[in-house]
Amino acid sequence: MALPSSSAPVSDRHRQRLAPIATPDRLLLGPGPSNAHPTVLAALSRHPIGHLDPLYIELMGEVQELLRYAWQTDNRLTIPMSGTGSAAMEATLANMVEPGDKVLVAVMGYFGLRLVDMAERYRAEVHTIERPWGEAFSLAEIEAALEQHKPAILALVHAETSTGVLQPMEGIGELCRRHGTLLILDTVTSLGAVPIHLDAWGVDLAYSCSQKGLSCPPGLGPFTMGPRAEAKLSARSGKVPNWYLDVSLLNQYWGSNRVYHHTAPVNMNFGMREALRLLADEGIENAWARHRRNAERLWAGLERLGLELHVPEPLRLPTLTTVCIPEGVDGKAFSLHLLNKHGIEVGGGLGALAGKVWRIGLMGYNSTPDNVDRLLDLLEKELPAFRAASPSVAAVAA
Ligand SMILES: Cc1ncc(COP(=O)(O)O)c(C=O)c1O
């Protein structure tokens, strides 16, 4: 059977001449990516070196040590996965779940649902507990669900980027240990920015991303697993059903053997090393305090402007604030105005919060008082024109 053909040759059907890339300068105050630190960008633009070059291998060890520091863990198996946060998320489930394993996912937003989807794909028996989008789980709710389902794994999102909620962690790790349950924690929007004490909290596996609190572009997914998770991995009856994310294979490259697995994205790891070096230079506690301080400055300013915040103060996430779009305002038109006129990106709502909130991120390099003041100033001066959603205002925004 002949393949469908077109009269023009393939080479004429696709554009071949483009101007060199020219990206605009944007201030990324949305859910991520955030702006990368200039010295991270400089590190990324260095010439690649071989991924088995002894100098690169030394750099790999440095990245691992600094990641352990950022997470406050001694986990031997701590590596940046080649891929974004979702790859590292998937690595936790791919390595841990055997068909029929009970996995309990505590869902309080969009990323909890992603964990459910992934766990199902690895043929787990998935159970969920849910909170409305904007709330967190109490310890009692988690305890009741552990007692009811007796899961092999509990998966939780520490910092829910879709809602701006920070899940309190006190006591959850102990409960998991008491029930013989492994604890997976999503720290994509908390690593490097919000206090995390992985070992003290008894977390068995965690993952994150490069593009938020770590001030790198997207492309790497930090991953870590502790001894209880390693024991489950070695006791598997079958192979990890995902070759690329199989930690036992990856560890032959990141561990002592240095055996080729895949060609590492060496420049991304140059950037990661630089980002983590900057974080350690600042001091992790200072970075946490900076994020908190700037978030509080934002929250106070928003409230001064009469804007309502979606999440009550005690559960608010310093890296991501959900602001209720006021009655009568076309939220999308205002965020497009910020982007097109001022080069500032803020996010819109996801899932249950679509059309209801803006999501303002203050992450890593972008968590500064100047950025907060710049955004507040624009909200004060330019939001009022969007409040009366008359056709002429909508036309201006368009
Ligand atoms: C809480 C959370 N988990 C997972 C992810 C997925 O990460 P990525 O988009 O880097 O794949 C994100 C992305 O924003 C997130 O916010």
# chains A, B, ... in the order shown; residues from 1 in each chain; ligands from 1

call {"tool": "residues_around", "arguments": {"residues": "A:Leu353", "least_positions_apart": "3", "cutoff": "9 Å", "atoms": "only C-alpha atoms", "output": "PyMOL selection string"}}
result
chain A and resi 133+162-163+348-350+356-357

call {"tool": "residues_around", "arguments": {"residues": "stretch 276-289 of chain A", "least_positions_apart": "6", "cutoff": "12 Å", "atoms": "only C-alpha atoms", "output": "ChimeraX atom specification"}}
result
/A:36-40,43,59,62-72,80,190-197,210,213-216,222,269-270,295-296,317-319,362-368

call {"tool": "atom_distance", "arguments": {"atom1": "atom CA of A:Pro24", "atom2": "atom CA of A:His337"}}
result
15.3 Å

call {"tool": "select_by_dssp", "arguments": {"residues": "stretch 129-167 of chain A", "states": "helix (DSSP H, G or I)", "output": "number ranges by chain"}}
result
A: 139-149

call {"tool": "residues_near_ligand", "arguments": {"ligand": "ligand 1", "cutoff": "9 Å", "atoms": "only C-alpha atoms and all ligand atoms", "output": "JSON, numbers by chain"}}
result
{"A": [31, 32, 33, 83, 84, 85, 86, 87, 88, 89, 109, 110, 111, 112, 114, 115, 157, 158, 159, 160, 161, 162, 186, 187, 188, 189, 190, 207, 208, 209, 210, 211, 212, 218, 219, 220, 221]}

call {"tool": "residues_around", "arguments": {"residues": "A:Ala106", "least_positions_apart": "2", "cutoff": "7 Å", "atoms": "only C-alpha atoms", "output": "MDAnalysis selection string"}}
result
chainID A and resid 104 108 112 128:130 155:156

call {"tool": "closest_residue", "arguments": {"among": "A:Ser34, A:Thr181, A:Asn371, A:Thr92", "to": "A:Glu147", "atoms": "only C-alpha atoms"}}
result
A:Thr181

call {"tool": "closest_residue", "arguments": {"among": "A:His261, A:Arg290, A:Lys381, A:Lys332", "to": "A:Ala354", "atoms": "only C-alpha atoms"}}
result
A:Lys332

call {"tool": "residues_around", "arguments": {"residues": "stretch 238-243 of chain A", "least_positions_apart": "4", "cutoff": "10 Å", "atoms": "only C-alpha atoms", "output": "number ranges by chain"}}
result
A: 90-91, 93-99, 122, 233-234, 247-250, 261
